[in-house]
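Student: Below is the file final_25.pdb, which contains PDB, C-alpha atoms.
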```pdb
ATOM      1  CA  MET A 902      -4.608 -28.437   3.939
ATOM      2  CA  ALA A 903      -4.816 -27.999   0.163
ATOM      3  CA  GLY A 904      -7.729 -29.784  -1.445
ATOM      4  CA  ILE A 905     -10.015 -29.727   1.609
ATOM      5  CA  VAL A 906     -13.289 -27.803   1.322
ATOM      6  CA  ARG A 907     -16.370 -27.688   3.511
ATOM      7  CA  ALA A 908     -18.945 -30.336   2.660
ATOM      8  CA  GLY A 909     -21.914 -32.306   3.993
ATOM      9  CA  PRO A 910     -21.526 -35.020   6.675
ATOM     10  CA  GLY A 911     -20.870 -37.850   4.193
ATOM     11  CA  ALA A 912     -18.385 -35.936   2.128
ATOM     12  CA  GLU A 913     -16.787 -34.536   5.293
ATOM     13  CA  ARG A 914     -15.912 -38.058   6.435
ATOM     14  CA  VAL A 915     -14.279 -38.765   3.088
ATOM     15  CA  LEU A 916     -12.340 -35.513   3.335
ATOM     16  CA  GLN A 917     -11.013 -36.483   6.758
ATOM     17  CA  LYS A 918      -9.884 -39.862   5.430
ATOM     18  CA  LEU A 919      -8.345 -38.079   2.465
ATOM     19  CA  LYS A 920      -6.364 -35.810   4.755
ATOM     20  CA  LYS A 921      -5.018 -38.792   6.715
ATOM     21  CA  SER A 922      -4.076 -40.636   3.492
ATOM     22  CA  ILE A 923      -2.049 -37.654   2.327
ATOM     23  CA  GLU A 924      -0.319 -37.331   5.709
ATOM     24  CA  ASP A 925       0.519 -41.063   5.681
ATOM     25  CA  GLY A 926       1.834 -40.930   2.118
ATOM     26  CA  ASN A 927      -0.885 -43.243   0.808
ATOM     27  CA  TYR A 928      -1.355 -41.336  -2.429
ATOM     28  CA  TYR A 929      -3.169 -44.054  -4.367
ATOM     29  CA  GLU A 930      -5.880 -44.159  -1.716
ATOM     30  CA  ALA A 931      -6.020 -40.365  -1.682
ATOM     31  CA  HIS A 932      -6.445 -40.311  -5.446
ATOM     32  CA  GLN A 933      -9.376 -42.700  -5.256
ATOM     33  CA  MET A 934     -11.001 -40.560  -2.581
ATOM     34  CA  TYR A 935     -10.676 -37.500  -4.787
ATOM     35  CA  ARG A 936     -12.491 -39.417  -7.501
ATOM     36  CA  THR A 937     -15.212 -40.458  -5.043
ATOM     37  CA  LEU A 938     -15.751 -36.834  -4.107
ATOM     38  CA  TYR A 939     -15.742 -35.873  -7.779
ATOM     39  CA  PHE A 940     -18.703 -38.136  -8.541
ATOM     40  CA  ARG A 941     -20.534 -37.033  -5.388
ATOM     41  CA  TYR A 942     -20.108 -33.313  -6.085
ATOM     42  CA  MET A 943     -20.940 -33.711  -9.766
ATOM     43  CA  GLY A 944     -24.200 -35.439  -8.846
ATOM     44  CA  GLN A 945     -25.013 -32.514  -6.567
ATOM     45  CA  GLU A 946     -23.934 -29.984  -9.236
ATOM     46  CA  ARG A 947     -21.579 -28.354  -6.729
ATOM     47  CA  TYR A 948     -19.245 -27.207  -9.441
ATOM     48  CA  GLU A 949     -17.419 -24.343  -7.730
ATOM     49  CA  PRO A 950     -16.195 -26.287  -4.661
ATOM     50  CA  LEU A 951     -15.452 -29.265  -6.897
ATOM     51  CA  LEU A 952     -13.185 -27.194  -9.132
ATOM     52  CA  LYS A 953     -11.256 -25.996  -6.080
ATOM     53  CA  LEU A 954     -11.026 -29.544  -4.723
ATOM     54  CA  LEU A 955      -9.698 -30.950  -8.002
ATOM     55  CA  TYR A 956      -7.224 -28.123  -8.638
ATOM     56  CA  ASP A 957      -5.804 -28.214  -5.117
ATOM     57  CA  GLY A 958      -5.733 -32.006  -5.170
ATOM     58  CA  ALA A 959      -3.962 -32.159  -8.510
ATOM     59  CA  MET A 960      -1.317 -29.651  -7.427
ATOM     60  CA  LEU A 961      -0.815 -31.549  -4.144
ATOM     61  CA  LEU A 962      -0.310 -34.834  -5.973
ATOM     62  CA  PHE A 963       2.080 -33.182  -8.430
ATOM     63  CA  GLN A 964       3.991 -31.821  -5.442
ATOM     64  CA  HIS A 965       4.465 -35.399  -4.218
ATOM     65  CA  GLN A 966       5.566 -36.614  -7.686
ATOM     66  CA  GLN A 967       2.278 -38.445  -8.302
ATOM     67  CA  HIS A 968       2.089 -37.243 -11.889
ATOM     68  CA  SER A 969      -0.397 -39.758 -13.295
ATOM     69  CA  SER A 970      -2.831 -39.212 -10.428
ATOM     70  CA  GLY A 971      -2.410 -35.454 -10.641
ATOM     71  CA  ALA A 972      -3.003 -35.520 -14.407
ATOM     72  CA  ASP A 973      -6.167 -37.551 -13.856
ATOM     73  CA  LEU A 974      -7.560 -34.912 -11.494
ATOM     74  CA  ALA A 975      -6.545 -32.217 -13.973
ATOM     75  CA  LYS A 976      -8.584 -33.932 -16.673
ATOM     76  CA  LEU A 977     -11.543 -34.225 -14.288
ATOM     77  CA  TYR A 978     -11.191 -30.475 -13.700
ATOM     78  CA  VAL A 979     -11.777 -29.880 -17.411
ATOM     79  CA  GLU A 980     -14.765 -32.246 -17.376
ATOM     80  CA  VAL A 981     -16.328 -30.070 -14.671
ATOM     81  CA  LEU A 982     -15.738 -26.969 -16.817
ATOM     82  CA  GLN A 983     -17.528 -28.680 -19.687
ATOM     83  CA  LYS A 984     -20.400 -29.921 -17.555
ATOM     84  CA  ALA A 985     -20.878 -26.559 -15.828
ATOM     85  CA  LYS A 986     -20.632 -24.723 -19.175
ATOM     86  CA  LEU A 987     -18.290 -22.145 -17.684
ATOM     87  CA  ASN A 988     -16.874 -19.420 -19.893
ATOM     88  CA  VAL A 989     -13.176 -18.698 -20.232
ATOM     89  CA  GLN A 990     -11.955 -16.698 -17.246
ATOM     90  CA  LYS A 991      -8.488 -15.575 -16.230
ATOM     91  CA  ASP A 992      -8.388 -17.615 -13.009
ATOM     92  CA  ILE A 993      -9.465 -20.751 -14.859
ATOM     93  CA  ILE A 994      -6.800 -20.198 -17.517
ATOM     94  CA  ASN A 995      -4.204 -19.758 -14.770
ATOM     95  CA  ASN A 996      -5.303 -22.992 -13.085
ATOM     96  CA  LEU A 997      -5.088 -24.871 -16.370
ATOM     97  CA  ALA A 998      -1.613 -23.435 -16.931
ATOM     98  CA  ASP A 999      -0.463 -24.506 -13.474
ATOM     99  CA  MET A1000      -1.676 -28.063 -13.968
ATOM    100  CA  MET A1001      -0.371 -28.481 -17.508
ATOM    101  CA  SER A1002       3.066 -27.211 -16.520
ATOM    102  CA  LYS A1003       3.271 -29.926 -13.853
ATOM    103  CA  ILE A1004       2.413 -32.807 -16.187
ATOM    104  CA  PRO A1005       5.654 -34.196 -17.646
ATOM    105  CA  SER A1006       6.060 -33.245 -21.294
ATOM    106  CA  SER A1007       6.564 -36.894 -22.249
ATOM    107  CA  ALA A1008       3.406 -38.088 -20.502
ATOM    108  CA  PRO A1009       0.514 -39.014 -22.824
ATOM    109  CA  GLU A1010      -1.866 -37.558 -20.245
ATOM    110  CA  ARG A1011      -0.639 -34.063 -21.088
ATOM    111  CA  GLN A1012      -1.900 -34.144 -24.663
ATOM    112  CA  ALA A1013      -5.253 -35.568 -23.556
ATOM    113  CA  PHE A1014      -5.583 -32.806 -20.962
ATOM    114  CA  LEU A1015      -4.661 -30.114 -23.489
ATOM    115  CA  MET A1016      -7.088 -31.356 -26.130
ATOM    116  CA  ALA A1017      -9.909 -31.476 -23.582
ATOM    117  CA  ALA A1018      -9.122 -27.939 -22.388
ATOM    118  CA  LEU A1019      -9.023 -26.545 -25.933
ATOM    119  CA  SER A1020     -12.303 -28.277 -26.737
ATOM    120  CA  TRP A1021     -13.937 -26.716 -23.670
ATOM    121  CA  SER A1022     -12.657 -23.239 -24.526
ATOM    122  CA  GLN A1023     -13.888 -23.566 -28.097
ATOM    123  CA  ASN A1024     -17.350 -24.869 -27.228
ATOM    124  CA  GLU A1025     -17.954 -22.139 -24.684
ATOM    125  CA  ASN A1026     -16.612 -19.375 -26.942
ATOM    126  CA  PRO A1027     -18.019 -19.852 -30.459
ATOM    127  CA  GLU A1028     -16.098 -16.857 -31.801
ATOM    128  CA  SER A1029     -12.862 -18.781 -31.190
ATOM    129  CA  LYS A1030     -13.672 -21.714 -33.480
ATOM    130  CA  LYS A1031     -11.456 -20.285 -36.185
ATOM    131  CA  PHE A1032      -8.491 -20.928 -33.902
ATOM    132  CA  GLU A1033      -9.680 -24.278 -32.498
ATOM    133  CA  GLY A1034      -9.647 -22.913 -28.976
ATOM    134  CA  HIS A1035      -9.623 -19.624 -27.106
ATOM    135  CA  PRO A1036      -6.642 -17.314 -27.861
ATOM    136  CA  GLN A1037      -5.945 -16.852 -24.139
ATOM    137  CA  LEU A1038      -5.615 -20.587 -23.678
ATOM    138  CA  HIS A1039      -3.326 -20.881 -26.703
ATOM    139  CA  GLN A1040      -1.199 -18.088 -25.242
ATOM    140  CA  MET A1041      -0.881 -19.951 -21.951
ATOM    141  CA  VAL A1042       0.076 -23.173 -23.700
ATOM    142  CA  ALA A1043       2.555 -21.411 -25.993
ATOM    143  CA  ASN A1044       4.409 -19.876 -23.080
ATOM    144  CA  ILE A1045       4.656 -23.255 -21.329
ATOM    145  CA  TYR A1046       6.181 -24.834 -24.442
ATOM    146  CA  TRP A1047       8.505 -21.855 -24.849
ATOM    147  CA  ARG A1048       9.837 -22.285 -21.292
ATOM    148  CA  GLU A1049      10.465 -25.928 -22.143
ATOM    149  CA  THR A1050      12.239 -24.864 -25.378
ATOM    150  CA  ASN A1051       9.725 -26.837 -27.420
ATOM    151  CA  TYR A1052       9.789 -24.137 -30.089
ATOM    152  CA  HIS A1053       7.754 -26.027 -32.670
ATOM    153  CA  MET A1054       4.740 -26.441 -30.400
ATOM    154  CA  ALA A1055       5.189 -22.961 -28.916
ATOM    155  CA  ARG A1056       5.027 -21.436 -32.387
ATOM    156  CA  TYR A1057       1.914 -23.477 -33.224
ATOM    157  CA  HIS A1058       0.049 -22.066 -30.232
ATOM    158  CA  PHE A1059       1.463 -18.532 -30.408
ATOM    159  CA  ILE A1060       0.063 -18.035 -33.900
ATOM    160  CA  ARG A1061      -3.374 -19.019 -32.552
ATOM    161  CA  SER A1062      -3.122 -16.468 -29.754
ATOM    162  CA  ASP A1063      -2.947 -12.684 -29.738
ATOM    163  CA  ASP A1064       0.551 -12.617 -28.246
ATOM    164  CA  MET A1065       2.722 -11.372 -31.101
ATOM    165  CA  ASP A1066       5.145  -9.725 -28.653
ATOM    166  CA  ASN A1067       6.254 -13.004 -27.098
ATOM    167  CA  LEU A1068       6.223 -14.758 -30.446
ATOM    168  CA  GLY A1069       8.629 -12.161 -31.818
ATOM    169  CA  SER A1070      10.838 -12.522 -28.741
ATOM    170  CA  MET A1071      10.872 -16.296 -29.069
ATOM    171  CA  LEU A1072      11.873 -16.148 -32.728
ATOM    172  CA  VAL A1073      14.763 -13.862 -31.867
ATOM    173  CA  GLU A1074      15.837 -16.253 -29.115
ATOM    174  CA  ILE A1075      15.805 -19.205 -31.500
ATOM    175  CA  GLN A1076      17.693 -17.387 -34.226
ATOM    176  CA  VAL A1077      20.341 -15.983 -31.870
ATOM    177  CA  ASP A1078      20.861 -19.276 -30.010
ATOM    178  CA  LEU A1079      20.463 -21.791 -32.821
ATOM    179  CA  GLY A1080      20.817 -19.972 -36.135
ATOM    180  CA  TYR A1081      23.629 -18.419 -38.117
ATOM    181  CA  PRO A1082      24.046 -14.669 -38.701
ATOM    182  CA  SER A1083      23.512 -15.243 -42.413
ATOM    183  CA  GLU A1084      20.082 -16.766 -41.654
ATOM    184  CA  ILE A1085      18.537 -13.767 -39.888
ATOM    185  CA  ASP A1086      16.265 -12.911 -42.812
ATOM    186  CA  LEU A1087      15.712 -16.526 -43.875
ATOM    187  CA  PHE A1088      14.502 -17.377 -40.398
ATOM    188  CA  LEU A1089      11.838 -14.719 -40.133
ATOM    189  CA  SER A1090      10.533 -15.133 -43.668
ATOM    190  CA  ASN A1091      10.360 -18.904 -43.388
ATOM    191  CA  ARG A1092       8.221 -18.969 -40.288
ATOM    192  CA  ASN A1093       6.122 -15.836 -40.387
ATOM    193  CA  LEU A1094       5.559 -14.702 -43.939
ATOM    194  CA  SER A1095       1.793 -14.442 -43.518
ATOM    195  CA  PHE A1096       1.808 -12.665 -40.149
ATOM    196  CA  ALA A1097       0.799  -9.117 -39.455
ATOM    197  CA  ASN A1098       3.077  -6.123 -39.223
ATOM    198  CA  SER A1099       3.155  -6.364 -35.431
ATOM    199  CA  LEU A1100       5.143  -9.590 -35.517
ATOM    200  CA  PHE A1101       7.554  -8.199 -38.102
ATOM    201  CA  ASP A1102       8.078  -5.047 -36.030
ATOM    202  CA  ASN A1103       8.578  -7.008 -32.802
ATOM    203  CA  TYR A1104      11.178  -9.243 -34.421
ATOM    204  CA  LEU A1105      13.115  -6.240 -35.708
ATOM    205  CA  GLU A1106      12.882  -4.399 -32.406
ATOM    206  CA  ARG A1107      14.152  -7.309 -30.324
ATOM    207  CA  HIS A1108      16.881  -8.707 -32.558
ATOM    208  CA  PRO A1109      20.292  -7.395 -31.451
ATOM    209  CA  LEU A1110      21.755  -7.396 -34.970
ATOM    210  CA  LEU A1111      18.978  -5.577 -36.807
ATOM    211  CA  ASP A1112      17.972  -1.974 -37.320
ATOM    212  CA  ASN A1113      14.326  -1.115 -36.832
ATOM    213  CA  GLU A1114      13.917   0.741 -40.109
ATOM    214  CA  PRO A1115      14.159  -0.504 -43.702
ATOM    215  CA  PRO A1116      15.938  -0.940 -45.993
ATOM    216  CA  PHE A1117      17.844  -3.820 -44.429
ATOM    217  CA  ASN A1118      21.096  -5.586 -45.229
ATOM    218  CA  TYR A1119      19.214  -8.873 -45.613
ATOM    219  CA  PRO A1120      17.274  -9.448 -48.858
ATOM    220  CA  LEU A1121      14.447 -11.498 -47.374
ATOM    221  CA  LEU A1122      13.770  -8.928 -44.678
ATOM    222  CA  ASN A1123      13.304  -6.362 -47.438
ATOM    223  CA  PHE A1124      11.126  -8.841 -49.294
ATOM    224  CA  THR A1125       8.933  -9.412 -46.218
ATOM    225  CA  TRP A1126       8.631  -5.687 -45.596
ATOM    226  CA  MET A1127       7.653  -5.017 -49.225
ATOM    227  CA  LEU A1128       5.307  -8.018 -49.240
ATOM    228  CA  LEU A1129       3.346  -6.578 -46.314
ATOM    229  CA  LEU A1130       3.009  -3.329 -48.264
ATOM    230  CA  ALA A1131       1.937  -5.193 -51.399
ATOM    231  CA  ILE A1132      -0.725  -7.113 -49.468
ATOM    232  CA  ARG A1133      -2.118  -3.824 -48.250
ATOM    233  CA  SER A1134      -2.258  -2.523 -51.826
ATOM    234  CA  THR A1135      -3.849  -5.781 -53.154
ATOM    235  CA  LYS A1136      -1.997  -5.154 -56.437
ATOM    236  CA  LEU A1137      -1.130  -8.439 -58.134
ATOM    237  CA  SER A1138       1.408  -6.655 -60.317
ATOM    238  CA  ALA A1139       3.292  -5.462 -57.211
ATOM    239  CA  PHE A1140       3.339  -9.012 -55.842
ATOM    240  CA  ALA A1141       4.605 -10.348 -59.175
ATOM    241  CA  ILE A1142       7.431  -7.810 -59.370
ATOM    242  CA  LEU A1143       8.516  -8.619 -55.826
ATOM    243  CA  CYS A1144       8.598 -12.360 -56.440
ATOM    244  CA  GLU A1145      10.473 -11.944 -59.690
ATOM    245  CA  TYR A1146      13.071  -9.577 -58.258
ATOM    246  CA  TYR A1147      13.733 -11.681 -55.160
ATOM    247  CA  GLN A1148      13.585 -15.066 -56.871
ATOM    248  CA  PRO A1149      17.304 -15.824 -56.194
ATOM    249  CA  SER A1150      16.787 -15.263 -52.459
ATOM    250  CA  LEU A1151      13.475 -17.123 -52.388
ATOM    251  CA  LYS A1152      15.200 -20.202 -53.781
ATOM    252  CA  ARG A1153      17.118 -20.514 -50.510
ATOM    253  CA  ASP A1154      14.172 -22.426 -49.051
ATOM    254  CA  PRO A1155      11.932 -24.613 -51.275
ATOM    255  CA  SER A1156       9.007 -24.151 -48.880
ATOM    256  CA  TYR A1157       8.670 -20.498 -49.953
ATOM    257  CA  LYS A1158       6.934 -21.580 -53.162
ATOM    258  CA  ASP A1159       4.058 -23.108 -51.203
ATOM    259  CA  TYR A1160       3.805 -20.119 -48.858
ATOM    260  CA  LEU A1161       3.722 -17.648 -51.721
ATOM    261  CA  ASP A1162       1.248 -19.726 -53.713
ATOM    262  CA  ARG A1163      -1.079 -19.551 -50.719
ATOM    263  CA  ILE A1164      -0.516 -15.813 -50.198
ATOM    264  CA  GLY A1165      -1.196 -15.219 -53.874
ATOM    265  CA  GLN A1166      -4.502 -17.072 -53.642
ATOM    266  CA  ILE A1167      -5.689 -15.398 -50.427
ATOM    267  CA  TYR A1168      -4.611 -11.790 -50.997
ATOM    268  CA  PHE A1169      -4.236 -11.404 -54.759
ATOM    269  CA  GLY A1170      -6.863 -13.691 -56.240
ATOM    270  CA  MET A1171      -4.443 -16.085 -57.925
ATOM    271  CA  PRO A1172      -5.812 -19.502 -58.961
ATOM    272  CA  PRO A1173      -4.568 -22.632 -57.161
ATOM    273  CA  PRO A1174      -1.760 -24.571 -58.896
ATOM    274  CA  ARG A1175      -3.132 -26.840 -61.617
ATOM    275  CA  GLY A1176      -2.562 -30.476 -60.766
ATOM    276  CA  MET A1177       1.084 -31.493 -61.169
ATOM    277  CA  SER A1178       2.015 -28.552 -63.349
ATOM    278  CA  ASN A1179       5.654 -27.566 -63.246
ATOM    279  CA  GLN A1180       4.819 -23.889 -63.622
ATOM    280  CA  GLY A1181       4.314 -23.471 -59.867
ATOM    281  CA  MET A1182       4.070 -20.044 -58.324
ATOM    282  CA  PHE A1183       5.706 -18.066 -61.130
ATOM    283  CA  GLY A1184       3.576 -19.762 -63.760
ATOM    284  CA  ASN A1185       0.499 -18.833 -61.761
ATOM    285  CA  LEU A1186       1.706 -15.259 -61.431
ATOM    286  CA  ILE A1187       2.118 -14.914 -65.190
ATOM    287  CA  GLN A1188      -1.261 -16.533 -65.798
ATOM    288  CA  SER A1189      -2.999 -14.242 -63.294
ATOM    289  CA  LEU A1190      -1.256 -11.133 -64.548
ATOM    290  CA  MET A1191      -2.357 -11.845 -68.107
ATOM    291  CA  GLY A1192      -5.935 -11.756 -66.906
ATOM    292  CA  SER A1193      -5.689  -8.874 -64.453
ATOM    293  CA  LEU A1194      -3.613  -6.570 -66.652
ATOM    294  CA  ASP A1195      -6.229  -6.764 -69.398
ATOM    295  CA  GLY A1196      -8.441  -4.785 -67.073
ATOM    296  CA  ASP A1197      -5.740  -2.389 -65.811
ATOM    297  CA  SER A1198      -4.579   0.720 -67.594
ATOM    298  CA  ASP A1199      -0.969   1.178 -68.640
ATOM    299  CA  SER A1200      -0.671   4.031 -66.178
ATOM    300  CA  GLU A1201      -1.709   1.785 -63.279
ATOM    301  CA  ASP A1202       0.885  -0.816 -64.194
ATOM    302  CA  THR A1203       3.571   1.839 -64.555
ATOM    303  CA  THR A1204       2.681   3.244 -61.136
ATOM    304  CA  ALA A1205       2.909  -0.187 -59.544
ATOM    305  CA  ARG A1206       6.308  -0.823 -61.074
ATOM    306  CA  SER A1207       7.645   2.581 -60.074
ATOM    307  CA  ASN A1208       6.521   1.987 -56.488
ATOM    308  CA  LEU A1209       8.627  -1.172 -56.436
ATOM    309  CA  HIS A1210      11.613   0.081 -58.410
ATOM    310  CA  ALA A1211      14.699  -2.081 -58.199
ATOM    311  CA  SER A1212      16.620   0.575 -56.307
ATOM    312  CA  GLU A1213      14.078   0.248 -53.464
ATOM    313  CA  LEU A1214      14.267  -3.513 -53.336
ATOM    314  CA  ASP A1215      17.978  -3.987 -52.641
TER     315      ASP A1215
END
```
Please lay out the structure from this file as structure tokens.

Tutor:
Amino acid sequence: MAGIVRAGPGAERVLQKLKKSIEDGNYYEAHQMYRTLYFRYMGQERYEPLLKLLYDGAMLLFQHQQHSSGADLAKLYVEVLQKAKLNVQKDIINNLADMMSKIPSSAPERQAFLMAALSWSQNENPESKKFEGHPQLHQMVANIYWRETNYHMARYHFIRSDDMDNLGSMLVEIQVDLGYPSEIDLFLSNRNLSFANSLFDNYLERHPLLDNEPPFNYPLLNFTWMLLLAIRSTKLSAFAILCEYYQPSLKRDPSYKDYLDRIGQIYFGMPPPRGMSNQGMFGNLIQSLMGSLDGDSDSEDTTARSNLHASELD
């Protein structure tokens, strides 16, 4: 039976009672016995059999629609991971995915379980602190939310994973199912302006209405493509020309100003907006260009402008 592992005489008696409780449909009693075994095994530092016991027990309780009890065992599973100081492993990630997918999306226990799991993965993998959790775990969570069509949360976790392929596929799915044809470029630019070329390429490759190669029939797709090139060049003048040329299209979504302000600061050395100034992004661009162009030669500025000639930006 699932959830039963070999143990000492005392624990073996509890396991036999546990088996009978499950067979009789007395799930509350079974849940309490799982908790009794949890404390006993934790005291003995028998982490490996305890993890199997809790995983199998949680899945068995989920199978019998005992979601709160199953979620409780799932959370105890994460506590064992933390106590045992186990590193992220594929089988552990798969177990966490199985348990999270069985906890109802509306249950408060799911968020508590997820936060505990992310905390464990971060503490045991210091290099992942930038992402507040291990990328593999974020990938697992993102795919669960995607299957549930919770696109907002799926996107949040995809961008903290390394799975740009599935993120691109999900964005195409959302745009095709929920968007309008006229929003193809707006959709990608709005959600993924700061992402790497891989996401941009995956979106183009998977979208049924787009060609893979620029130039495109959608202004903001051309803008995104040219922006990625400008970031690589680190030329503030190239960034300024792009923003000026595409200003009519950028006005389609007010949030672009904030995105581009941030991109300008990170990749082009622009200063943050000053207080409540009305100049915004374009005021900052002018201000930064005045400073940077003093140190650039006329030939450099001419080269930058020729590389982003209007005929290439349409």

Student: Taking into account only C-alpha atoms, which residue in the set A:Tyr956, A:Phe1059, A:Tyr1146, A:Phe1101 is nearest to Gly971 (chain A)?

Tutor: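 Using only C-alpha atoms, the shortest distance to Gly971 (chain A) belongs to A:Tyr956.
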
Student: For the atom pair CA of Arg1056 (chain A) and CA of Asn996 (chain A), what is the interatomic distance in Å to one decimal place?

Tutor: 21.9 Å

Student: Which neighbours of Gln1148 (chain A) fall inside 12 Å, counting all atoms listed in the file, when residues of the same chain fewer than 2 positions from it are skipped, and could you give them as a ChimeraX atom specification?

Tutor: /A:1120-1121,1124,1140-1146,1150-1155,1157-1158,1161,1182-1183

Student: A:Ser1134, A:Ser1007, A:Gln1040, A:Asn1123: which is nearest Tyr1057 (chain A), counting all atoms listed in the file?

Tutor: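 The answer is A:Gln1040, which sits nearest to Tyr1057 (chain A).
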
Student: Restricting the calculation to only C-alpha atoms, which member of A:Gln1012, A:Ser969, A:Gln964, A:Gln1037 is positioned closest to Asn995 (chain A)?

Tutor: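 Of A:Gln1012, A:Ser969, A:Gln964, A:Gln1037, the one nearest Asn995 (chain A), counting only C-alpha atoms, is A:Gln1037.
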
Student: Which of these residues is nearest to Met1127 (chain A), using only C-alpha atoms: A:Leu919, A:Leu1110, A:Ala1139, A:Leu977?

Tutor: A:Ala1139

Student: Taking all atoms listed in the file into account, name the residue in A:Pro950, A:Gly1170, A:Pro1115, A:Pro1009 that is nearest to Asp973 (chain A).

Tutor: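 Of the candidates, the smallest distance to Asp973 (chain A) is held by A:Pro1009.
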
Student: Using Å and a single decimal, report how far CA of Lys953 (chain A) sits from CA of Glu924 (chain A).

Tutor: 19.7 Å

Student: Could you jot down the CA of Tyr978 (chain A) to CA of Gly926 (chain A) separation for me, Å, one decimal place?

Tutor: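 So the two atoms, CA of Tyr978 (chain A) and CA of Gly926 (chain A), lie 23.0 Å apart.
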
Student: Can you translate the PyMOL selection byres ((chain A and resi 1016) around 12) into the concrete residues it hits in this file, as a list in words?

Tutor: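 That selection, the PyMOL selection byres ((chain A and resi 1016) around 12), comes back as Lys976, Val979, Glu980, Leu997, Met1001, Pro1009, Glu1010, Arg1011, Gln1012, Ala1013, Phe1014, Leu1015, Ala1017, Ala1018, Leu1019, Ser1020, Trp1021, Ser1022, Gln1023, Glu1033, Gly1034, Leu1038, His1039 and Val1042 of chain A.
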
Student: Taking all atoms listed in the file into account, name the residue in A:Ser922, A:Asp992, A:Phe940, A:Asn1044 that is nearest to Asp1064 (chain A).

Tutor: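 For Asp1064 (chain A), the nearest of the given residues is A:Asn1044.
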
Student: Please evaluate the PyMOL selection byres ((chain A and resi 1168) around 9) against the displayed coordinates and give the resulting residues as a PyMOL selection string.

Tutor: chain A and resi 1132-1133+1135-1137+1163-1167+1169-1171

Student: For the file shown, report as a VMD selection string the outcome of the PyMOL selection byres ((chain A and resi 957) around 12) at residue level.

Tutor: chain A and resid 902 to 906 935 950 to 956 958 to 964 971 974 to 975 978 996 to 997 999 to 1000

Student: Reconstruct all heavy atoms of region 1114-1118 of chain A from the incomplete input and present them as a tab-separated table (two decimals), in the coordinates of the input.

Tutor:
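Saved the output as part-v5.tsv:
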```tsv
chain	number	residue	atom	x	y	z
A	1114	GLU	N	14.48	0.09	-38.93
A	1114	GLU	CA	13.92	0.74	-40.11
A	1114	GLU	C	14.50	0.14	-41.39
A	1114	GLU	O	15.70	-0.10	-41.47
A	1114	GLU	CB	14.20	2.24	-40.08
A	1114	GLU	CG	13.57	2.98	-38.89
A	1114	GLU	CD	12.06	2.98	-38.96
A	1114	GLU	OE1	11.51	2.91	-40.09
A	1114	GLU	OE2	11.42	3.05	-37.90
A	1115	PRO	N	13.65	-0.07	-42.40
A	1115	PRO	CA	14.16	-0.50	-43.70
A	1115	PRO	C	14.81	0.67	-44.42
A	1115	PRO	O	14.58	1.82	-44.05
A	1115	PRO	CB	12.88	-0.97	-44.42
A	1115	PRO	CG	11.78	-0.18	-43.76
A	1115	PRO	CD	12.20	0.03	-42.34
A	1116	PRO	N	15.61	0.39	-45.46
A	1116	PRO	CA	15.94	-0.94	-45.99
A	1116	PRO	C	16.97	-1.65	-45.12
A	1116	PRO	O	17.72	-1.03	-44.39
A	1116	PRO	CB	16.52	-0.62	-47.38
A	1116	PRO	CG	17.11	0.75	-47.22
A	1116	PRO	CD	16.20	1.48	-46.27
A	1117	PHE	N	16.99	-3.00	-45.26
A	1117	PHE	CA	17.84	-3.82	-44.43
A	1117	PHE	C	19.01	-4.38	-45.25
A	1117	PHE	O	19.01	-4.32	-46.47
A	1117	PHE	CB	17.03	-4.97	-43.83
A	1117	PHE	CG	15.78	-4.52	-43.14
A	1117	PHE	CD1	14.54	-4.64	-43.76
A	1117	PHE	CD2	15.83	-3.96	-41.87
A	1117	PHE	CE1	13.37	-4.22	-43.13
A	1117	PHE	CE2	14.68	-3.54	-41.23
A	1117	PHE	CZ	13.44	-3.67	-41.86
A	1118	ASN	N	19.95	-4.95	-44.56
A	1118	ASN	CA	21.10	-5.59	-45.23
A	1118	ASN	C	20.80	-7.03	-45.63
A	1118	ASN	O	21.67	-7.70	-46.17
A	1118	ASN	CB	22.32	-5.56	-44.31
A	1118	ASN	CG	22.84	-4.16	-44.07
A	1118	ASN	OD1	22.76	-3.30	-44.95
A	1118	ASN	ND2	23.35	-3.92	-42.87
```
